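File shown: work02.pdb. Contents: PDB, C-alpha atoms.
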```pdb
MODEL        1
ATOM      1  CA  MET A1343      35.313 -36.689  -6.273
ATOM      2  CA  LEU A1344      35.584 -36.048  -2.551
ATOM      3  CA  ARG A1345      37.967 -33.208  -3.257
ATOM      4  CA  THR A1346      35.405 -31.583  -5.593
ATOM      5  CA  LEU A1347      32.674 -31.978  -2.990
ATOM      6  CA  VAL A1348      34.854 -30.377  -0.285
ATOM      7  CA  ARG A1349      35.717 -27.464  -2.582
ATOM      8  CA  ALA A1350      32.072 -26.970  -3.539
ATOM      9  CA  THR A1351      31.061 -27.008   0.125
ATOM     10  CA  ALA A1352      33.797 -24.518   0.994
ATOM     11  CA  VAL A1353      32.723 -22.199  -1.826
ATOM     12  CA  PHE A1354      29.100 -22.488  -0.715
ATOM     13  CA  LEU A1355      30.021 -21.620   2.886
ATOM     14  CA  VAL A1356      32.092 -18.623   1.828
ATOM     15  CA  MET A1357      29.194 -17.371  -0.279
ATOM     16  CA  ALA A1358      26.533 -18.152   2.334
ATOM     17  CA  LEU A1359      28.242 -16.547   5.320
ATOM     18  CA  PRO A1360      27.737 -12.929   4.203
ATOM     19  CA  ALA A1361      24.095 -13.707   3.409
ATOM     20  CA  ALA A1362      23.622 -15.335   6.810
ATOM     21  CA  ALA A1363      25.221 -12.333   8.474
ATOM     22  CA  GLN A1364      22.835 -10.048   6.599
ATOM     23  CA  ASP A1365      19.829 -12.043   7.877
ATOM     24  CA  THR A1366      20.799 -11.260  11.467
ATOM     25  CA  GLY A1367      18.041  -9.120  12.940
ATOM     26  CA  VAL A1368      15.545  -9.681  10.126
ATOM     27  CA  ASP A1369      13.074 -11.460  12.406
ATOM     28  CA  GLU A1370      13.204  -8.519  14.794
ATOM     29  CA  GLU A1371      12.604  -6.077  11.940
ATOM     30  CA  MET A1372       9.626  -8.105  10.707
ATOM     31  CA  GLN A1373       8.190  -8.108  14.234
ATOM     32  CA  GLN A1374       8.454  -4.318  14.274
ATOM     33  CA  ILE A1375       6.542  -4.216  10.988
ATOM     34  CA  ALA A1376       3.858  -6.539  12.365
ATOM     35  CA  THR A1377       3.545  -4.303  15.426
ATOM     36  CA  ALA A1378       3.264  -1.239  13.189
ATOM     37  CA  VAL A1379       0.525  -2.861  11.089
ATOM     38  CA  GLU A1380      -1.332  -3.774  14.275
ATOM     39  CA  GLY A1381      -1.028  -0.147  15.375
ATOM     40  CA  LEU A1382      -2.427   1.025  12.046
ATOM     41  CA  HIS A1383      -5.441  -1.244  12.548
ATOM     42  CA  GLU A1384      -6.039   0.196  16.013
ATOM     43  CA  LYS A1385      -5.732   3.771  14.775
ATOM     44  CA  ALA A1386      -7.956   3.170  11.745
ATOM     45  CA  GLU A1387     -10.637   1.559  13.908
ATOM     46  CA  ALA A1388     -10.452   4.640  16.154
ATOM     47  CA  GLY A1389     -11.149   6.867  13.137
ATOM     48  CA  ASN A1390      -7.672   7.880  11.970
ATOM     49  CA  ALA A1391      -8.126   8.512   8.239
ATOM     50  CA  LYS A1392      -4.406   8.410   7.373
ATOM     51  CA  ALA A1393      -4.017   5.019   9.085
ATOM     52  CA  ALA A1394      -7.014   3.763   7.090
ATOM     53  CA  PHE A1395      -5.379   4.973   3.879
ATOM     54  CA  TYR A1396      -2.124   3.165   4.633
ATOM     55  CA  LEU A1397      -4.003  -0.038   5.472
ATOM     56  CA  SER A1398      -5.914   0.261   2.216
ATOM     57  CA  SER A1399      -2.626   0.348   0.350
ATOM     58  CA  LEU A1400      -1.275  -2.674   2.232
ATOM     59  CA  TYR A1401      -4.409  -4.754   1.643
ATOM     60  CA  HIS A1402      -4.547  -3.693  -1.989
ATOM     61  CA  VAL A1403      -1.160  -5.228  -2.786
ATOM     62  CA  GLY A1404      -0.965  -7.784   0.020
ATOM     63  CA  MET A1405       2.086  -6.305   1.676
ATOM     64  CA  PHE A1406       2.541  -7.457   5.299
ATOM     65  CA  VAL A1407      -1.112  -8.638   5.233
ATOM     66  CA  SER A1408      -2.993 -11.105   3.067
ATOM     67  CA  PRO A1409      -4.317  -9.357  -0.043
ATOM     68  CA  ASP A1410      -7.964  -8.459   0.345
ATOM     69  CA  ARG A1411      -9.494  -6.121  -2.223
ATOM     70  CA  GLN A1412     -12.710  -5.632  -0.235
ATOM     71  CA  LYS A1413     -10.798  -4.626   2.900
ATOM     72  CA  ALA A1414      -8.680  -2.336   0.743
ATOM     73  CA  ILE A1415     -11.798  -0.588  -0.560
ATOM     74  CA  ASP A1416     -13.380  -0.453   2.897
ATOM     75  CA  TYR A1417     -10.292   1.202   4.362
ATOM     76  CA  LEU A1418     -10.033   3.514   1.359
ATOM     77  CA  GLN A1419     -13.660   4.533   1.907
ATOM     78  CA  ALA A1420     -12.919   5.163   5.601
ATOM     79  CA  ALA A1421      -9.908   7.289   4.675
ATOM     80  CA  SER A1422     -11.962   9.290   2.201
ATOM     81  CA  ASP A1423     -14.862   9.694   4.642
ATOM     82  CA  GLY A1424     -12.361  10.888   7.244
ATOM     83  CA  GLY A1425     -11.171  13.641   4.910
ATOM     84  CA  ASP A1426      -7.805  12.172   3.938
ATOM     85  CA  PRO A1427      -6.866  13.705   0.554
ATOM     86  CA  ASP A1428      -5.004  10.558  -0.550
ATOM     87  CA  GLY A1429      -8.066   8.494   0.299
ATOM     88  CA  GLN A1430     -10.331  10.878  -1.595
ATOM     89  CA  TYR A1431      -8.098  10.923  -4.654
ATOM     90  CA  TYR A1432      -7.622   7.169  -4.935
ATOM     91  CA  LEU A1433     -11.236   6.358  -4.130
ATOM     92  CA  GLY A1434     -12.181   8.885  -6.809
ATOM     93  CA  LEU A1435     -10.003   7.044  -9.316
ATOM     94  CA  HIS A1436     -11.613   3.750  -8.337
ATOM     95  CA  HIS A1437     -15.069   5.248  -8.920
ATOM     96  CA  ILE A1438     -14.169   6.838 -12.247
ATOM     97  CA  ASN A1439     -12.552   3.667 -13.573
ATOM     98  CA  GLY A1440     -14.972   1.214 -11.986
ATOM     99  CA  VAL A1441     -12.195  -0.659 -10.192
ATOM    100  CA  ASP A1442     -13.511  -2.977  -7.461
ATOM    101  CA  MET A1443     -16.831  -1.119  -7.550
ATOM    102  CA  GLU A1444     -19.517   0.031  -9.917
ATOM    103  CA  ARG A1445     -18.370   2.886 -12.144
ATOM    104  CA  ASP A1446     -19.576   6.299 -10.953
ATOM    105  CA  VAL A1447     -17.832   9.150 -12.751
ATOM    106  CA  GLU A1448     -19.775  11.849 -10.901
ATOM    107  CA  ALA A1449     -18.887  10.525  -7.430
ATOM    108  CA  GLY A1450     -15.268  10.025  -8.487
ATOM    109  CA  THR A1451     -15.025  13.530  -9.875
ATOM    110  CA  GLU A1452     -16.401  15.007  -6.631
ATOM    111  CA  LEU A1453     -13.848  13.081  -4.590
ATOM    112  CA  ILE A1454     -10.944  14.167  -6.773
ATOM    113  CA  ARG A1455     -12.101  17.786  -6.590
ATOM    114  CA  ALA A1456     -12.270  17.520  -2.782
ATOM    115  CA  ALA A1457      -8.734  16.123  -2.703
ATOM    116  CA  ALA A1458      -7.529  18.952  -4.969
ATOM    117  CA  GLU A1459      -9.127  21.542  -2.696
ATOM    118  CA  ALA A1460      -7.277  19.928   0.218
ATOM    119  CA  GLY A1461      -4.002  20.436  -1.649
ATOM    120  CA  HIS A1462      -3.418  16.961  -3.105
ATOM    121  CA  HIS A1463      -0.921  17.514  -5.922
ATOM    122  CA  ALA A1464      -2.023  14.739  -8.301
ATOM    123  CA  ALA A1465      -5.673  15.676  -7.743
ATOM    124  CA  LYS A1466      -4.904  19.302  -8.661
ATOM    125  CA  ILE A1467      -3.298  18.152 -11.895
ATOM    126  CA  ALA A1468      -6.245  15.847 -12.653
ATOM    127  CA  VAL A1469      -8.683  18.723 -12.148
ATOM    128  CA  GLU A1470      -6.648  21.150 -14.249
ATOM    129  CA  GLN A1471      -5.871  18.773 -17.095
ATOM    130  CA  HIS A1472      -8.868  16.465 -17.242
ATOM    131  CA  LEU A1473     -11.835  17.452 -15.136
ATOM    132  CA  ASP A1474     -12.093  21.142 -16.029
ATOM    133  CA  LYS A1475     -12.154  20.522 -19.783
TER     134      LYS A1475
ENDMDL
END
```

Just dump the structure as structure tokens.
Amino acid sequence: MLRTLVRATAVFLVMALPAAAQDTGVDEEMQQIATAVEGLHEKAEAGNAKAAFYLSSLYHVGMFVSPDRQKAIDYLQAASDGGDPDGQYYLGLHHINGVDMERDVEAGTELIRAAAEAGHHAAKIAVEQHLDK
């Protein structure tokens, strides 16, 4: 029995060592991510539309921040208001589909058209294939 326990422990250690070695530096990497998210908040609060768009995405899925759909929409609105084509496109989709807000096809269509005019690829396709028919 003791022999089996020693073998099992040895096997565990052999398997765990590479994983432990891979974890080296992970805390430092996560701190860099936290610092980057903090920087995005600062930039978004200063009016940077692209930073607001990225924060919207993070809050939407709860990646590196606690999920918060209202914050996601607020940052998406800020991105759109700031002229970010990604923000315009995705806020337009939210309006058209009534996701996290009251459905407003007209407002959504205007936002997607604005994103298309700014060169947003998916918005151009949406206009060509769906909105201009």

Just say which residues the PyMOL selection byres ((chain A and resi 1413-1420) around 9) picks in this file, as a VMD selection string. chain A and resid 1386 1389 to 1391 1393 to 1403 1409 to 1412 1421 to 1426 1428 to 1430 1432 to 1433 1436 1442 to 1443

Take the PyMOL selection byres ((chain A and resi 1445-1456) around 7), apply it to the structure above, and return the hits as a PDB file with C-alpha atoms, keeping the file's coordinate frame.
```
ATOM      1  CA  GLN A1430     -10.331  10.878  -1.595  1.00  0.00           C
ATOM      2  CA  TYR A1431      -8.098  10.923  -4.654  1.00  0.00           C
ATOM      3  CA  LEU A1433     -11.236   6.358  -4.130  1.00  0.00           C
ATOM      4  CA  GLY A1434     -12.181   8.885  -6.809  1.00  0.00           C
ATOM      5  CA  LEU A1435     -10.003   7.044  -9.316  1.00  0.00           C
ATOM      6  CA  HIS A1437     -15.069   5.248  -8.920  1.00  0.00           C
ATOM      7  CA  ILE A1438     -14.169   6.838 -12.247  1.00  0.00           C
ATOM      8  CA  ASN A1439     -12.552   3.667 -13.573  1.00  0.00           C
ATOM      9  CA  GLY A1440     -14.972   1.214 -11.986  1.00  0.00           C
ATOM     10  CA  MET A1443     -16.831  -1.119  -7.550  1.00  0.00           C
ATOM     11  CA  GLU A1444     -19.517   0.031  -9.917  1.00  0.00           C
ATOM     12  CA  ALA A1457      -8.734  16.123  -2.703  1.00  0.00           C
ATOM     13  CA  ALA A1458      -7.529  18.952  -4.969  1.00  0.00           C
ATOM     14  CA  GLU A1459      -9.127  21.542  -2.696  1.00  0.00           C
ATOM     15  CA  ALA A1460      -7.277  19.928   0.218  1.00  0.00           C
ATOM     16  CA  ALA A1465      -5.673  15.676  -7.743  1.00  0.00           C
ATOM     17  CA  VAL A1469      -8.683  18.723 -12.148  1.00  0.00           C
TER      18      VAL A1469
END
```

Measuring between only C-alpha atoms, which one of A:Gly1381, A:Gly1367, A:Pro1427, A:Gly1404 shows the shortest distance to Lys1466 (chain A)?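 Nearest candidate to Lys1466 (chain A) out of A:Gly1381, A:Gly1367, A:Pro1427, A:Gly1404: A:Pro1427.
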
How many Å lie between CA of Ile1375 (chain A) and CA of Phe1406 (chain A), rounded to one decimal?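 Interatomic distance, CA of Ile1375 (chain A) to CA of Phe1406 (chain A): 7.7 Å.
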
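When all atoms listed in the file are used to compute distances to Leu1382 (chain A), the closest of the residues A:His1463, A:Val1441, A:Val1407, A:Ala1468 turns out to be A:Val1407.
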
What's the separation between CA of Met1405 (chain A) and CA of Glu1384 (chain A), in Å to one decimal place?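 Distance between the two atoms: 17.7 Å.
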